[in-house]
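**Student:** This structure is in structure tokens; I'll ask about it shortly.
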Amino acid sequence: MTAVLRYLDVCLVLATAPFVLVAGMPTFGYLVGACAWLLTRLGTTFVYERARRVGDPKMRAGLQVGGMMGRIWLVAFAVVLARFAGGKSDGIMAAALVLAAFTVYFVMSFVTREGPLQRRPGAHGRPGAHGRPGAHGRPSPS
């Protein structure tokens, strides 16, 4: 169930396609927005998985920030591309699709508590009683 919630934004993007085609909405804008969103999700997953395996905190932070910045630039470029290669309605369609997908992604990241900074269970040792250090910054005994 968690996997479905984690990728609910991707499901939304893909499930929107028939409605866009049937309703006669701007197809080019949809395709550009959908491709950009799917590429950023794929890239983000790859970068965050790689960052989780890196031991150096500076390198991990650099990968995560680079992934976020790259995602922003790619999505912004896609909206501008849809606007100028297609038309105003294509740009609006791409922007609306990406905004809706991001909103779902953002909410689901809180619901599933999955994000770039959370560790997976069992990663790098066992945390303290509640995953927080005890008094004086030391892990609480378990």
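Convention: chains lettered A, B, ... in structure tokens order; per-chain residue numbering from 1; ligands numbered from 1 as shown.
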Mind checking which residues fall within 7 Å of A:Trp37, counting only C-alpha atoms, ignoring those fewer than 3 positions away in the same chain, and posting them as a PyMOL selection string?
**Tutor:** chain A and resi 33-34+40-41+75+98
**Student:** Next, dump the selected residues to file, keeping only N, CA and C atoms, as a PDB file, in the first residue's frame.
**Tutor:**
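Final file, out.pdb:
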```pdb
ATOM      1  N   GLY A  33       4.737  18.255 -20.081  1.00  0.00           N
ATOM      2  CA  GLY A  33       4.657  18.252 -18.623  1.00  0.00           C
ATOM      3  C   GLY A  33       4.798  16.855 -18.040  1.00  0.00           C
ATOM      4  N   ALA A  34       4.141  15.878 -18.666  1.00  0.00           N
ATOM      5  CA  ALA A  34       4.205  14.499 -18.177  1.00  0.00           C
ATOM      6  C   ALA A  34       5.619  13.939 -18.310  1.00  0.00           C
ATOM      7  N   THR A  40      11.890  13.703 -13.910  1.00  0.00           N
ATOM      8  CA  THR A  40      12.375  14.217 -12.631  1.00  0.00           C
ATOM      9  C   THR A  40      12.158  13.217 -11.507  1.00  0.00           C
ATOM     10  N   ARG A  41      11.049  12.501 -11.545  1.00  0.00           N
ATOM     11  CA  ARG A  41      10.812  11.483 -10.504  1.00  0.00           C
ATOM     12  C   ARG A  41      11.832  10.361 -10.615  1.00  0.00           C
ATOM     13  N   VAL A  75      11.770  21.080 -14.732  1.00  0.00           N
ATOM     14  CA  VAL A  75      10.332  21.348 -14.768  1.00  0.00           C
ATOM     15  C   VAL A  75      10.061  22.757 -15.306  1.00  0.00           C
ATOM     16  N   VAL A  98       2.112  19.722 -13.804  1.00  0.00           N
ATOM     17  CA  VAL A  98       3.260  19.629 -12.908  1.00  0.00           C
ATOM     18  C   VAL A  98       2.887  20.111 -11.506  1.00  0.00           C
TER      19      VAL A  98
END
```
**Student:** Give me the residues near A:Ala96 as JSON, numbers by chain, where near means some atom within 12 Å (using only C-alpha atoms) and where sequence neighbours in that chain fewer than 3 positions away do not count.
**Tutor:** {"A": [13, 16, 25, 26, 29, 30, 32, 33, 34, 37, 75, 78, 79, 82, 89, 90, 91, 92, 93, 99, 100, 101, 102, 103]}
**Student:** Using C-alpha atoms, can you export the residues from the last selection as a PDB file, in the first residue's frame?
**Tutor:**
```
ATOM      1  CA  VAL A  13       0.001  11.963 -14.351  1.00  0.00           C
ATOM      2  CA  THR A  16      -4.871  12.063 -16.687  1.00  0.00           C
ATOM      3  CA  MET A  25      -7.165  19.678 -24.044  1.00  0.00           C
ATOM      4  CA  PRO A  26      -3.678  20.744 -25.174  1.00  0.00           C
ATOM      5  CA  GLY A  29       1.495  20.683 -23.157  1.00  0.00           C
ATOM      6  CA  TYR A  30       0.371  17.498 -21.428  1.00  0.00           C
ATOM      7  CA  VAL A  32       5.837  17.901 -22.239  1.00  0.00           C
ATOM      8  CA  GLY A  33       4.657  18.252 -18.623  1.00  0.00           C
ATOM      9  CA  ALA A  34       4.205  14.499 -18.177  1.00  0.00           C
ATOM     10  CA  TRP A  37       7.563  15.056 -14.332  1.00  0.00           C
ATOM     11  CA  VAL A  75      10.332  21.348 -14.768  1.00  0.00           C
ATOM     12  CA  ALA A  78       9.486  22.083 -19.695  1.00  0.00           C
ATOM     13  CA  VAL A  79       6.805  24.676 -18.926  1.00  0.00           C
ATOM     14  CA  ALA A  82       5.535  23.970 -23.866  1.00  0.00           C
ATOM     15  CA  SER A  89      -2.657  26.856 -23.593  1.00  0.00           C
ATOM     16  CA  ASP A  90       0.102  24.227 -23.845  1.00  0.00           C
ATOM     17  CA  GLY A  91       2.211  26.122 -21.317  1.00  0.00           C
ATOM     18  CA  ILE A  92      -0.740  26.402 -18.952  1.00  0.00           C
ATOM     19  CA  MET A  93      -1.479  22.686 -19.355  1.00  0.00           C
ATOM     20  CA  LEU A  99       1.668  21.671 -10.111  1.00  0.00           C
ATOM     21  CA  ALA A 100      -0.976  19.002  -9.465  1.00  0.00           C
ATOM     22  CA  ALA A 101       1.625  16.229  -9.528  1.00  0.00           C
ATOM     23  CA  PHE A 102       3.924  18.132  -7.172  1.00  0.00           C
ATOM     24  CA  THR A 103       1.070  18.789  -4.748  1.00  0.00           C
TER      25      THR A 103
END
```
**Student:** Which distance in Å separates atom CA of A:Val111 and atom CA of A:Arg6, to one decimal?
**Tutor:**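 Separation of atom CA of A:Val111 and atom CA of A:Arg6: 8.8 Å.
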**Student:** Suppose you want the space between atom CA of A:Leu21 and atom CA of A:Leu81; what is it in Å?
**Tutor:** 20.2 Å
**Student:** Just want the 12 Å neighbourhood of stretch 57-71 of chain A, counted on only C-alpha atoms, with same-chain residues fewer than 3 positions away dropped. Output as a PyMOL selection string.
**Tutor:** chain A and resi 36-54+74-78+98+102+115-117
**Student:** For those residues, write C-alpha atoms to a file as a JSON list (two decimals), in the first residue's frame.
**Tutor:**
```json
[["chain", "number", "residue", "atom", "x", "y", "z"],
["A", 36, "ALA", "CA", 9.29, 16.30, -17.47],
["A", 37, "TRP", "CA", 7.56, 15.06, -14.33],
["A", 38, "LEU", "CA", 8.34, 11.40, -15.00],
["A", 39, "LEU", "CA", 11.97, 12.19, -15.81],
["A", 40, "THR", "CA", 12.38, 14.22, -12.63],
["A", 41, "ARG", "CA", 10.81, 11.48, -10.50],
["A", 42, "LEU", "CA", 13.09, 8.88, -12.04],
["A", 43, "GLY", "CA", 16.14, 11.12, -11.63],
["A", 44, "THR", "CA", 15.23, 12.07, -8.07],
["A", 45, "THR", "CA", 14.83, 8.43, -7.07],
["A", 46, "PHE", "CA", 18.22, 7.61, -8.57],
["A", 47, "VAL", "CA", 20.00, 10.56, -6.95],
["A", 48, "TYR", "CA", 18.46, 10.01, -3.48],
["A", 49, "GLU", "CA", 19.26, 6.30, -3.54],
["A", 50, "ARG", "CA", 22.84, 7.11, -4.46],
["A", 51, "ALA", "CA", 22.99, 9.78, -1.73],
["A", 52, "ARG", "CA", 21.80, 7.25, 0.86],
["A", 53, "ARG", "CA", 24.74, 4.98, -0.01],
["A", 54, "VAL", "CA", 27.37, 7.73, 0.20],
["A", 74, "LEU", "CA", 13.95, 20.71, -15.71],
["A", 75, "VAL", "CA", 10.33, 21.35, -14.77],
["A", 76, "ALA", "CA", 10.66, 25.10, -15.36],
["A", 77, "PHE", "CA", 12.30, 24.47, -18.73],
["A", 78, "ALA", "CA", 9.49, 22.08, -19.69],
["A", 98, "VAL", "CA", 3.26, 19.63, -12.91],
["A", 102, "PHE", "CA", 3.92, 18.13, -7.17],
["A", 115, "GLY", "CA", 11.79, 11.91, 1.90],
["A", 116, "PRO", "CA", 15.38, 12.53, 1.00],
["A", 117, "LEU", "CA", 16.48, 12.93, 4.63]]
```
**Student:** What is the atom CA of A:Arg113-atom CA of A:Leu5 distance in Å, reported with one decimal?
**Tutor:**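 Atom CA of A:Leu5 lies 10.7 Å from atom CA of A:Arg113.
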